[in-house]
file coords_0.txt (compact mmCIF, C-alpha atoms and all ligand atoms)
# COMPACT_ATOMS: atom_id res chain seq x y z
CA MET P 1 -18.84 8.26 0.44
CA LYS P 2 -15.30 8.42 1.75
CA HIS P 3 -13.12 5.41 0.88
CA LEU P 4 -9.39 4.70 0.95
CA ILE P 5 -8.41 2.99 -2.29
CA ASP P 6 -5.24 4.88 -3.11
CA PRO P 7 -3.06 7.04 -0.81
CA THR P 8 -4.00 10.12 -2.85
CA ASP P 9 -7.65 9.64 -1.86
CA LEU P 10 -6.54 11.42 1.29
CA THR P 11 -5.46 15.04 1.07
CA LYS P 12 -2.20 15.83 2.82
CA GLU P 13 -4.23 17.40 5.61
CA GLU P 14 -6.48 14.33 6.02
CA LEU P 15 -3.45 12.09 6.04
CA GLU P 16 -1.79 14.14 8.76
CA GLU P 17 -5.05 14.18 10.75
CA ILE P 18 -4.95 10.36 10.73
CA ILE P 19 -1.28 10.29 11.77
CA ASP P 20 -1.95 12.81 14.56
CA LEU P 21 -4.92 10.80 15.78
CA ALA P 22 -2.77 7.64 15.79
CA LEU P 23 -0.20 9.47 17.93
CA ASP P 24 -2.94 10.53 20.34
CA ILE P 25 -4.24 6.94 20.49
CA ILE P 26 -0.73 5.76 21.42
CA ASP P 27 -0.62 8.28 24.29
CA ASN P 28 -4.22 7.89 25.50
CA ARG P 29 -5.34 4.32 24.86
CA GLY P 30 -8.23 4.31 27.31
CA LYS P 31 -9.87 7.31 25.67
CA TYR P 32 -10.69 5.33 22.51
CA SER P 33 -11.76 1.97 23.93
CA GLU P 34 -15.48 2.42 23.24
CA ILE P 35 -15.46 4.80 20.31
CA CYS P 36 -16.64 2.13 17.82
CA LYS P 37 -19.06 0.38 20.15
CA GLY P 38 -21.86 -1.17 18.09
CA LYS P 39 -19.91 -0.82 14.81
CA LYS P 40 -18.79 -3.72 12.63
CA LEU P 41 -15.76 -4.02 10.40
CA ALA P 42 -15.88 -6.64 7.64
CA THR P 43 -12.47 -8.02 6.65
CA LEU P 44 -12.78 -9.53 3.19
CA PHE P 45 -9.43 -11.16 2.48
CA TYR P 46 -9.12 -13.01 -0.83
CA GLU P 47 -5.33 -13.29 -0.44
CA PRO P 48 -3.04 -14.44 2.40
CA SER P 49 -2.27 -11.96 5.16
CA THR P 50 -1.06 -12.02 8.74
CA ARG P 51 -0.26 -8.44 9.78
CA THR P 52 -2.80 -6.52 7.76
CA ARG P 53 -5.84 -8.62 8.61
CA LEU P 54 -4.94 -9.17 12.25
CA SER P 55 -3.99 -5.54 12.79
CA PHE P 56 -7.36 -4.47 11.37
CA THR P 57 -9.02 -6.97 13.69
CA ALA P 58 -7.00 -5.86 16.74
CA ALA P 59 -7.63 -2.20 15.82
CA MET P 60 -11.42 -2.62 15.70
CA MET P 61 -11.40 -4.66 18.91
CA GLU P 62 -9.39 -1.97 20.72
CA LEU P 63 -11.95 0.60 19.57
CA GLY P 64 -14.72 -1.48 21.15
CA GLY P 65 -16.19 -2.60 17.82
CA ASN P 66 -16.76 -6.03 16.27
CA VAL P 67 -15.24 -7.82 13.31
CA LEU P 68 -16.65 -10.32 10.81
CA GLY P 69 -15.36 -11.61 7.51
CA PHE P 70 -13.31 -14.29 5.79
CA SER P 71 -9.60 -14.88 5.41
CA ASP P 72 -9.73 -17.25 2.49
CA ALA P 73 -11.80 -16.76 -0.64
CA LYS P 74 -12.38 -20.53 -0.76
CA ASN P 75 -14.63 -20.18 2.29
CA SER P 76 -16.79 -17.49 0.70
CA SER P 77 -19.25 -17.39 -2.18
CA VAL P 78 -16.46 -16.24 -4.44
CA SER P 79 -15.68 -19.93 -4.88
CA LYS P 80 -19.21 -20.23 -6.35
CA GLY P 81 -18.44 -17.43 -8.80
CA GLU P 82 -19.81 -14.38 -6.99
CA THR P 83 -18.38 -11.09 -8.21
CA CYS P 84 -16.67 -8.53 -6.04
CA ALA P 85 -19.54 -6.12 -6.72
CA ASP P 86 -22.19 -8.58 -5.49
CA THR P 87 -20.16 -9.61 -2.42
CA THR P 88 -19.83 -5.92 -1.51
CA LYS P 89 -23.59 -5.33 -1.81
CA VAL P 90 -24.21 -8.31 0.46
CA ILE P 91 -21.68 -7.17 3.08
CA ASN P 92 -23.30 -3.71 3.07
CA CYS P 93 -26.28 -5.39 4.78
CA PHE P 94 -24.09 -6.61 7.67
CA ALA P 95 -21.25 -4.16 8.35
CA ASP P 96 -20.39 -0.45 8.74
CA ILE P 97 -16.99 -0.50 7.06
CA ILE P 98 -15.05 -2.90 4.81
CA ALA P 99 -11.33 -3.74 4.60
CA MET P 100 -10.66 -5.73 1.43
CA ARG P 101 -7.55 -7.50 0.17
CA HIS P 102 -7.75 -8.99 -3.31
CA PHE P 103 -5.40 -10.49 -5.90
CA GLU P 104 -7.20 -8.63 -8.72
CA GLU P 105 -5.89 -5.11 -9.32
CA GLY P 106 -8.68 -2.59 -8.96
CA ALA P 107 -10.87 -4.87 -6.82
CA ALA P 108 -11.20 -2.28 -4.05
CA THR P 109 -12.27 0.35 -6.60
CA VAL P 110 -15.03 -1.92 -7.89
CA SER P 111 -16.06 -2.68 -4.33
CA ALA P 112 -16.23 1.04 -3.49
CA MET P 113 -18.31 1.70 -6.62
CA ASN P 114 -20.88 -0.73 -5.24
CA SER P 115 -20.77 0.28 -1.61
CA GLY P 116 -22.79 2.56 0.63
CA ILE P 117 -20.23 2.09 3.44
CA PRO P 118 -16.52 3.04 3.39
CA VAL P 119 -14.17 0.59 1.66
CA ILE P 120 -10.52 0.35 2.64
CA ASN P 121 -8.10 -1.17 0.16
CA ALA P 122 -5.97 -3.60 2.16
CA GLY P 123 -3.94 -4.44 -0.97
CA ASP P 124 -5.05 -5.04 -4.57
CA GLY P 125 -2.67 -7.28 -6.52
CA SER P 126 0.62 -5.54 -7.16
CA HIS P 127 -1.09 -2.17 -7.48
CA SER P 128 -1.63 -0.38 -4.20
CA HIS P 129 -1.59 -0.81 -0.41
CA PRO P 130 -2.53 2.51 1.22
CA THR P 131 -2.88 1.27 4.81
CA GLN P 132 0.67 -0.06 4.73
CA THR P 133 1.62 3.44 3.62
CA LEU P 134 -0.10 4.95 6.66
CA THR P 135 1.84 2.43 8.77
CA ASP P 136 5.10 3.41 7.06
CA LEU P 137 4.39 7.12 7.51
CA LEU P 138 3.58 6.78 11.20
CA THR P 139 6.83 4.84 11.56
CA ILE P 140 8.79 7.53 9.73
CA LYS P 141 7.15 10.19 11.92
CA ARG P 142 8.04 8.35 15.14
CA GLU P 143 11.53 7.26 14.10
CA ILE P 144 12.75 10.20 11.99
CA GLY P 145 10.40 12.96 13.14
CA ARG P 146 9.53 14.48 9.75
CA PHE P 147 8.16 13.78 6.24
CA ASP P 148 10.07 16.53 4.40
CA ASN P 149 13.71 16.27 3.30
CA ILE P 150 14.03 12.52 3.36
CA THR P 151 16.29 10.42 1.16
CA ILE P 152 14.65 7.02 0.95
CA GLY P 153 16.05 3.93 -0.72
CA PHE P 154 13.60 1.28 -1.93
CA CYS P 155 15.26 -2.09 -2.32
CA GLY P 156 14.04 -5.35 -3.84
CA ASP P 157 10.85 -5.90 -5.81
CA LEU P 158 9.85 -2.44 -6.97
CA LYS P 159 7.81 -3.82 -9.87
CA PHE P 160 5.28 -5.95 -8.00
CA GLY P 161 5.70 -4.41 -4.53
CA ARG P 162 2.44 -2.55 -3.97
CA THR P 163 3.68 -1.06 -0.70
CA VAL P 164 6.47 0.69 -2.61
CA HIS P 165 4.07 2.21 -5.13
CA SER P 166 1.78 3.58 -2.46
CA LEU P 167 4.54 4.99 -0.26
CA ILE P 168 6.24 6.79 -3.15
CA LYS P 169 2.88 8.34 -4.09
CA ALA P 170 2.30 9.58 -0.55
CA LEU P 171 5.84 10.92 -0.06
CA SER P 172 5.89 12.63 -3.46
CA ARG P 173 3.67 15.35 -1.97
CA TYR P 174 6.36 16.42 0.50
CA LYS P 175 9.32 18.75 -0.02
CA GLY P 176 12.88 17.58 -0.44
CA ILE P 177 12.09 13.90 -1.03
CA LYS P 178 14.78 11.98 -2.90
CA VAL P 179 14.11 8.44 -4.07
CA VAL P 180 16.83 5.85 -4.65
CA LEU P 181 15.63 2.74 -6.49
CA ILE P 182 17.72 -0.35 -5.80
CA ALA P 183 16.50 -3.24 -7.93
CA PRO P 184 17.62 -5.63 -10.65
CA GLU P 185 16.54 -4.80 -14.20
CA GLN P 186 13.60 -7.26 -14.02
CA LEU P 187 12.13 -5.70 -10.87
CA ARG P 188 12.36 -2.00 -11.65
CA LEU P 189 9.66 0.50 -10.70
CA PRO P 190 6.84 0.63 -13.31
CA ASP P 191 7.00 3.47 -15.83
CA TYR P 192 3.73 5.04 -14.70
CA MET P 193 5.23 5.51 -11.25
CA LYS P 194 8.36 7.16 -12.64
CA GLN P 195 6.50 9.43 -15.06
CA GLU P 196 3.20 10.25 -13.37
CA VAL P 197 4.36 10.23 -9.78
CA CYS P 198 8.07 11.10 -9.57
CA GLU P 199 8.59 13.31 -12.62
CA MET P 200 5.26 15.14 -12.39
CA ASN P 201 5.79 15.92 -8.70
CA GLY P 202 9.43 16.93 -9.18
CA VAL P 203 10.74 14.06 -7.06
CA PRO P 204 14.29 13.23 -8.14
CA PHE P 205 15.03 9.50 -8.44
CA VAL P 206 18.05 7.43 -9.36
CA GLU P 207 18.20 3.75 -10.24
CA VAL P 208 21.19 1.82 -8.94
CA ASP P 209 22.31 -1.80 -9.00
CA THR P 210 23.81 -2.21 -5.54
CA MET P 211 22.83 -1.25 -2.02
CA GLU P 212 26.46 -0.67 -1.04
CA GLU P 213 26.90 2.35 -3.32
CA VAL P 214 24.04 4.33 -1.70
CA ILE P 215 23.47 3.04 1.81
CA GLY P 216 25.53 5.83 3.41
CA ASP P 217 23.26 8.53 1.87
CA LEU P 218 19.93 7.21 3.17
CA ASP P 219 17.60 8.37 5.95
CA VAL P 220 15.35 5.37 5.35
CA LEU P 221 16.10 2.03 3.71
CA TYR P 222 12.81 0.39 2.71
CA MET P 223 13.43 -3.31 2.12
CA THR P 224 10.92 -5.53 0.31
CA ARG P 225 10.30 -9.20 -0.39
CA VAL P 226 10.45 -10.44 -3.97
CA GLN P 227 6.76 -11.10 -4.64
CA LYS P 228 6.95 -14.75 -5.69
CA GLU P 229 3.18 -15.07 -6.14
CA ARG P 230 3.11 -12.42 -8.90
CA PHE P 231 5.65 -14.13 -11.19
CA LEU P 232 4.26 -15.93 -14.20
CA ASP P 233 7.58 -17.73 -14.72
CA GLU P 234 9.21 -19.54 -11.78
CA ASP P 235 12.70 -19.52 -13.36
CA GLU P 236 12.51 -15.74 -13.52
CA TYR P 237 11.76 -15.66 -9.80
CA ASP P 238 14.74 -17.95 -9.09
CA ARG P 239 17.02 -15.61 -11.02
CA VAL P 240 16.16 -12.55 -8.91
CA LYS P 241 15.15 -13.91 -5.51
CA ASP P 242 18.55 -13.60 -3.82
CA PHE P 243 19.66 -10.37 -5.43
CA PHE P 244 19.73 -8.15 -2.34
CA ILE P 245 20.39 -9.30 1.17
CA LEU P 246 20.92 -6.75 3.91
CA ASP P 247 23.30 -8.00 6.59
CA LYS P 248 25.38 -6.60 9.43
CA GLU P 249 28.37 -6.11 7.17
CA LYS P 250 26.50 -3.87 4.69
CA LEU P 251 25.01 -1.85 7.56
CA LYS P 252 28.51 -0.74 8.61
CA ASN P 253 28.39 1.97 5.96
CA ALA P 254 24.92 3.24 6.93
CA ARG P 255 24.41 6.31 9.09
CA PRO P 256 23.69 5.77 12.80
CA ASP P 257 20.34 7.57 12.43
CA MET P 258 19.18 5.66 9.33
CA ARG P 259 16.12 3.47 9.81
CA ILE P 260 15.33 0.16 8.12
CA LEU P 261 11.68 -0.41 7.27
CA HIS P 262 10.09 -3.53 5.78
CA PRO P 263 6.34 -4.16 5.40
CA LEU P 264 7.02 -7.86 6.20
CA PRO P 265 6.85 -10.79 5.76
CA ARG P 266 10.56 -11.18 5.14
CA VAL P 267 12.01 -14.18 3.38
CA ASN P 268 15.79 -13.78 3.35
CA GLU P 269 16.29 -10.17 2.26
CA ILE P 270 17.21 -9.03 5.77
CA SER P 271 19.51 -11.33 7.64
CA THR P 272 18.27 -11.97 11.21
CA ASP P 273 21.54 -10.64 12.62
CA VAL P 274 20.24 -7.15 11.70
CA ASP P 275 17.16 -7.45 13.96
CA ALA P 276 18.95 -6.40 17.14
CA ASP P 277 20.38 -3.26 15.54
CA PRO P 278 18.56 -0.13 16.84
CA ARG P 279 18.16 1.01 13.24
CA ALA P 280 15.94 -2.00 12.46
CA ALA P 281 12.46 -0.52 12.83
CA TYR P 282 10.40 -3.23 11.12
CA PHE P 283 8.90 -4.84 14.20
CA ARG P 284 8.06 -1.45 15.71
CA GLN P 285 6.48 -0.68 12.31
CA VAL P 286 4.08 -3.63 12.77
CA GLU P 287 2.69 -2.16 15.99
CA ASN P 288 2.31 1.23 14.34
CA GLY P 289 0.10 -0.53 11.79
CA LYS P 290 -2.47 -1.29 14.46
CA PHE P 291 -2.53 2.27 15.83
CA VAL P 292 -2.83 3.89 12.43
CA ARG P 293 -5.62 1.51 11.40
CA MET P 294 -7.47 2.45 14.61
CA ALA P 295 -7.14 6.09 13.57
CA LEU P 296 -8.20 5.35 9.99
CA ILE P 297 -11.34 3.44 11.04
CA CYS P 298 -12.36 6.34 13.35
CA LYS P 299 -11.80 8.95 10.67
CA LEU P 300 -13.51 7.07 7.83
CA LEU P 301 -16.58 6.44 9.97
CA GLU P 302 -16.60 10.14 10.89
CA TRP P 303 -16.14 11.30 7.27
CA ALA P 304 -18.32 8.64 5.62
CA ASP P 305 -21.38 10.75 4.95
CA ASP P 306 -19.73 14.16 4.59
CA PRO P 307 -20.26 15.03 0.90
CA SER P 308 -17.24 17.36 0.92
CA LYS P 309 -15.07 14.31 1.65
CA ASN P 310 -16.39 12.13 -1.19
CA THR P 311 -13.78 9.94 -2.89
CA VAL P 312 -13.67 10.43 -6.64
CA LEU P 313 -13.73 6.94 -8.12
CA VAL P 314 -14.37 7.95 -11.74
CA PRO P 315 -12.75 11.26 -12.72
CA LYS P 316 -14.83 13.70 -14.80
CA ASP P 317 -12.52 13.39 -17.80
CA ALA P 318 -12.68 9.57 -17.86
CA VAL P 319 -13.98 7.70 -20.91
CA LYS P 320 -16.06 4.54 -20.73
CA GLY P 321 -15.99 1.51 -23.03
CA LYS P 322 -13.43 2.96 -25.45
CA PHE P 323 -10.32 0.92 -24.55
CA ILE P 324 -9.41 -2.46 -23.06
CA CYS P 325 -6.85 -2.73 -20.28
CA ARG P 326 -3.64 -4.53 -21.22
CA ASN P 327 -3.12 -5.85 -17.67
CA LYS P 328 -4.30 -9.47 -17.38
CA ARG P 329 -4.57 -9.11 -13.58
CA CYS P 330 -6.85 -6.08 -13.79
CA ILE P 331 -10.36 -6.68 -12.47
CA SER P 332 -11.75 -5.26 -15.72
CA ASN P 333 -10.28 -8.35 -17.47
CA MET P 334 -11.08 -10.85 -14.73
CA GLU P 335 -14.69 -10.26 -13.66
CA THR P 336 -17.85 -9.85 -15.67
CA GLY P 337 -19.83 -6.64 -15.39
CA VAL P 338 -16.84 -4.36 -14.79
CA GLU P 339 -17.01 -1.54 -17.30
CA SER P 340 -13.73 -0.51 -18.92
CA ILE P 341 -12.93 3.08 -17.84
CA PHE P 342 -9.81 5.09 -18.67
CA ARG P 343 -8.60 8.53 -17.55
CA PRO P 344 -5.96 10.76 -19.14
CA ALA P 345 -2.46 10.15 -17.71
CA HIS P 346 -1.37 12.77 -15.18
CA ASP P 347 1.69 13.61 -17.29
CA LYS P 348 2.45 15.14 -20.67
CA SER P 349 2.37 11.85 -22.61
CA GLY P 350 -1.23 12.16 -23.86
CA GLU P 351 -1.71 8.49 -22.86
CA TRP P 352 -4.66 6.89 -21.09
CA ARG P 353 -4.64 4.93 -17.85
CA CYS P 354 -7.07 2.32 -16.56
CA ILE P 355 -8.88 3.73 -13.51
CA TYR P 356 -8.70 0.33 -11.78
CA CYS P 357 -5.00 -0.53 -12.13
CA GLU P 358 -3.34 2.46 -13.91
CA SER P 359 -2.12 0.35 -16.85
CA LYS P 360 -2.22 1.52 -20.44
CA PRO P 361 -4.83 0.32 -22.94
CA LYS P 362 -4.04 -2.64 -25.23
C1 LIG P 401 2.95 -6.59 2.14
C2 LIG P 401 1.82 -6.85 1.15
O1 LIG P 401 0.92 -7.65 1.44
O2 LIG P 401 1.88 -6.24 0.10
N1 LIG P 401 2.71 -7.10 3.42
C3 LIG P 401 1.93 -6.43 4.30
O3 LIG P 401 0.82 -6.06 4.03
N2 LIG P 401 2.49 -6.12 5.47
C4 LIG P 401 4.29 -6.96 1.61
C5 LIG P 401 4.53 -8.35 1.12
O4 LIG P 401 3.65 -9.21 1.10
O5 LIG P 401 5.68 -8.60 0.74

call {"tool": "encode", "arguments": {"input": "coords_0.txt", "output": "structure tokens", "more": "lines below"}}
Ligand code: NCD
result
Amino acid sequence: MKHLIDPTDLTKEELEEIIDLALDIIDNRGKYSEICKGKKLATLFYEPSTRTRLSFTAAMMELGGNVLGFSDAKNSSVSKGETCADTTKVINCFADIIAMRHFEEGAATVSAMNSGIPVINAGDGSHSHPTQTLTDLLTIKREIGRFDNITIGFCGDLKFGRTVHSLIKALSRYKGIKVVLIAPEQLRLPDYMKQEVCEMNGVPFVEVDTMEEVIGDLDVLYMTRVQKERFLDEDEYDRVKDFFILDKEKLKNARPDMRILHPLPRVNEISTDVDADPRAAYFRQVENGKFVRMALICKLLEWADDPSKNTVLVPKDAVKGKFICRNKRCISNMETGVESIFRPAHDKSGEWRCIYCESKPK
């Protein structure tokens, strides 16, 4: 079965097929209005969402399909203690494709392991958010015109920001990518991202403390919200929440062809006086999210039963039951019946990584 749990579940070619289809959908809307007639998308949202859930809904409606699901775990059997695995098996009886957002890291992987229909990860804790990445890539394609040779600055919460992790993974497969990490000490990019993704793919990265020192070098400035809901300590959140604010003044040093992206929602990290600047692409980015999700739904339904497209959920060199994940938010520590599985790290460290959330063992 073909799923989308992590951006690397798509080959570069598959990813570009989806982007190209999204571009065709933009140009020829009418052509796709019945393509999913009779198909149902289940949106299983255990965490708040505006854009992601509604863009999935709008996408399926524009394809002529139907949508069912829940937007609050309290309204589902999860509140009675049902596991993600069981909920998935139940939804398999009703729908053709699932989009799941969950606060547990690795939830979409567990869902996919128990599913005979494609599962799309619409965000799992602070781990991954591959459909935001498709949105970001379509935006980069339309605004900048290329994926190679891009200097991209990521600013804000690089530790908990799942959209950052997924976009760096996807871009690391292109040539000439340079990553600039703009974050306070407490919100730096996780080590596994630096080692397994940047270093192993030869993507140069620098870590800086201020936006001002780098803004003039960037093709893309990717702003993010500090992820309040992931902090265990509220004082810690208060210390970092106002660290970076992009305003008109700071933009003076940016290039005229730079683009500002933000997955949204924004809190205060981009001042509203930036919105009218032609470089502010974040509201155009929202609309791209709908088009790219239309393309993704079409492609996953087309690829679902093609064995050559199967998503590898458990790599061949993985080991079962040997370690325990150190991440408290990992589904392997939060739900019963989830077997602990680790794979070798994709770097030279000789370490192991949890297949659900990519953390190290305890
Ligand atoms: C992001 C998310 O949910 O991770 N939002 C989104 O999907 N557009 C970013 C965020 O919540 O800050």

call {"tool": "residues_around", "arguments": {"input": "coords_0.txt", "residues": "Gly65 of chain P", "least_positions_apart": "6", "cutoff": "10 Å", "atoms": "only C-alpha atoms", "output": "number ranges by chain"}}
result
P: 33-41, 57-59

call {"tool": "atom_distance", "arguments": {"input": "coords_0.txt", "atom1": "atom CA of Ile97 of chain P", "atom2": "atom CA of Met334 of chain P"}}
result
24.8 Å

call {"tool": "residues_near_ligand", "arguments": {"input": "coords_0.txt", "ligand": "ligand LIG 401 (chain P)", "cutoff": "6 Å", "atoms": "only C-alpha atoms and all ligand atoms", "output": "MDAnalysis selection string"}}
result
chainID P and resid 51:52 162:163 225 263:265

call {"tool": "residues_around", "arguments": {"input": "coords_0.txt", "residues": "segment 293-307 of chain P", "least_positions_apart": "4", "cutoff": "7 Å", "atoms": "only C-alpha atoms", "output": "ChimeraX atom specification"}}
result
/P:1-2,18,21-22,56,59-60,63,118,289

call {"tool": "closest_atom_pairs", "arguments": {"input": "coords_0.txt", "of": "segment 39-150 of chain P", "to": "segment 311-319 of chain P", "cutoff": "12 Å", "atoms": "only C-alpha atoms", "output": "CSV"}}
result
residue,atom,partner,partner_atom,distance
P:Gly106,CA,P:Leu313,CA,10.8
P:Ala108,CA,P:Leu313,CA,10.4
P:Thr109,CA,P:Leu313,CA,6.9
P:Val110,CA,P:Leu313,CA,9.0
P:Ser111,CA,P:Leu313,CA,10.6
P:Ala112,CA,P:Leu313,CA,7.9
P:Met113,CA,P:Leu313,CA,7.1
P:Asn114,CA,P:Leu313,CA,10.9
P:Ser115,CA,P:Leu313,CA,11.7
P:Ile117,CA,P:Thr311,CA,12.0
P:Pro118,CA,P:Thr311,CA,9.7
P:Val119,CA,P:Thr311,CA,10.4
P:Ile120,CA,P:Thr311,CA,11.5

call {"tool": "residues_around", "arguments": {"input": "coords_0.txt", "residues": "segment 180-187 of chain P", "least_positions_apart": "4", "cutoff": "7 Å", "atoms": "all atoms listed in the file", "output": "NGL selection string"}}
result
:P and (152-159 or 205-211)

call {"tool": "closest_residue", "arguments": {"input": "coords_0.txt", "among": "P:Asp242, P:Tyr46, P:Lys12, P:Asp233", "to": "Asn75 of chain P", "atoms": "all atoms listed in the file"}}
result
P:Tyr46

call {"tool": "decode", "arguments": {"input": "coords_0.txt", "residues": "segment 197-262 of chain P", "atoms": "C-alpha atoms", "output": "mmCIF file, in the first residue's frame"}}
result
data_model
loop_
_atom_site.group_PDB
_atom_site.id
_atom_site.type_symbol
_atom_site.label_atom_id
_atom_site.label_comp_id
_atom_site.auth_asym_id
_atom_site.auth_seq_id
_atom_site.Cartn_x
_atom_site.Cartn_y
_atom_site.Cartn_z
ATOM 1 C CA VAL P 197 19.536 14.688 7.003
ATOM 2 C CA CYS P 198 21.885 17.646 6.466
ATOM 3 C CA GLU P 199 25.319 16.084 6.950
ATOM 4 C CA MET P 200 24.534 12.773 5.237
ATOM 5 C CA ASN P 201 23.074 14.547 2.195
ATOM 6 C CA GLY P 202 25.886 17.097 2.025
ATOM 7 C CA VAL P 203 23.579 20.024 2.771
ATOM 8 C CA PRO P 204 25.596 22.843 4.346
ATOM 9 C CA PHE P 205 23.914 24.529 7.319
ATOM 10 C CA VAL P 206 24.810 27.355 9.654
ATOM 11 C CA GLU P 207 23.199 28.284 12.961
ATOM 12 C CA VAL P 208 22.833 31.982 13.681
ATOM 13 C CA ASP P 209 21.284 34.062 16.443
ATOM 14 C CA THR P 210 19.751 36.932 14.491
ATOM 15 C CA MET P 211 17.698 37.289 11.341
ATOM 16 C CA GLU P 212 19.381 40.600 10.486
ATOM 17 C CA GLU P 213 22.797 39.044 9.852
ATOM 18 C CA VAL P 214 21.509 36.675 7.121
ATOM 19 C CA ILE P 215 18.330 38.092 5.642
ATOM 20 C CA GLY P 216 20.140 39.627 2.648
ATOM 21 C CA ASP P 217 21.491 36.191 1.572
ATOM 22 C CA LEU P 218 18.165 34.345 1.433
ATOM 23 C CA ASP P 219 15.967 33.184 -1.451
ATOM 24 C CA VAL P 220 13.332 31.978 1.007
ATOM 25 C CA LEU P 221 12.695 32.979 4.613
ATOM 26 C CA TYR P 222 10.571 30.287 6.279
ATOM 27 C CA MET P 223 9.028 31.739 9.426
ATOM 28 C CA THR P 224 7.453 29.554 12.111
ATOM 29 C CA ARG P 225 5.332 29.903 15.227
ATOM 30 C CA VAL P 226 6.806 28.905 18.576
ATOM 31 C CA GLN P 227 4.866 25.697 19.272
ATOM 32 C CA LYS P 228 3.401 26.578 22.673
ATOM 33 C CA GLU P 229 1.480 23.298 22.967
ATOM 34 C CA ARG P 230 4.698 21.222 22.896
ATOM 35 C CA PHE P 231 6.377 22.945 25.863
ATOM 36 C CA LEU P 232 6.360 21.062 29.135
ATOM 37 C CA ASP P 233 7.343 24.230 31.024
ATOM 38 C CA GLU P 234 5.354 27.435 30.455
ATOM 39 C CA ASP P 235 8.153 29.712 31.741
ATOM 40 C CA GLU P 236 10.420 28.277 29.072
ATOM 41 C CA TYR P 237 7.843 29.196 26.436
ATOM 42 C CA ASP P 238 7.608 32.751 27.829
ATOM 43 C CA ARG P 239 11.374 33.122 27.570
ATOM 44 C CA VAL P 240 11.501 32.313 23.848
ATOM 45 C CA LYS P 241 8.116 33.341 22.468
ATOM 46 C CA ASP P 242 9.088 36.835 21.316
ATOM 47 C CA PHE P 243 12.581 36.061 20.116
ATOM 48 C CA PHE P 244 12.100 36.724 16.405
ATOM 49 C CA ILE P 245 9.655 39.143 14.906
ATOM 50 C CA LEU P 246 9.824 39.945 11.209
ATOM 51 C CA ASP P 247 8.719 43.495 10.469
ATOM 52 C CA LYS P 248 8.961 46.018 7.645
ATOM 53 C CA GLU P 249 12.180 47.437 9.018
ATOM 54 C CA LYS P 250 14.033 44.088 8.940
ATOM 55 C CA LEU P 251 12.749 43.403 5.419
ATOM 56 C CA LYS P 252 14.634 46.457 4.122
ATOM 57 C CA ASN P 253 17.791 44.369 3.931
ATOM 58 C CA ALA P 254 16.144 41.430 2.119
ATOM 59 C CA ARG P 255 16.435 40.942 -1.627
ATOM 60 C CA PRO P 256 13.504 42.083 -3.798
ATOM 61 C CA ASP P 257 13.045 38.509 -5.085
ATOM 62 C CA MET P 258 13.147 36.817 -1.659
ATOM 63 C CA ARG P 259 9.921 35.123 -0.581
ATOM 64 C CA ILE P 260 8.522 34.794 2.940
ATOM 65 C CA LEU P 261 6.760 31.519 3.694
ATOM 66 C CA HIS P 262 4.937 30.535 6.884
#
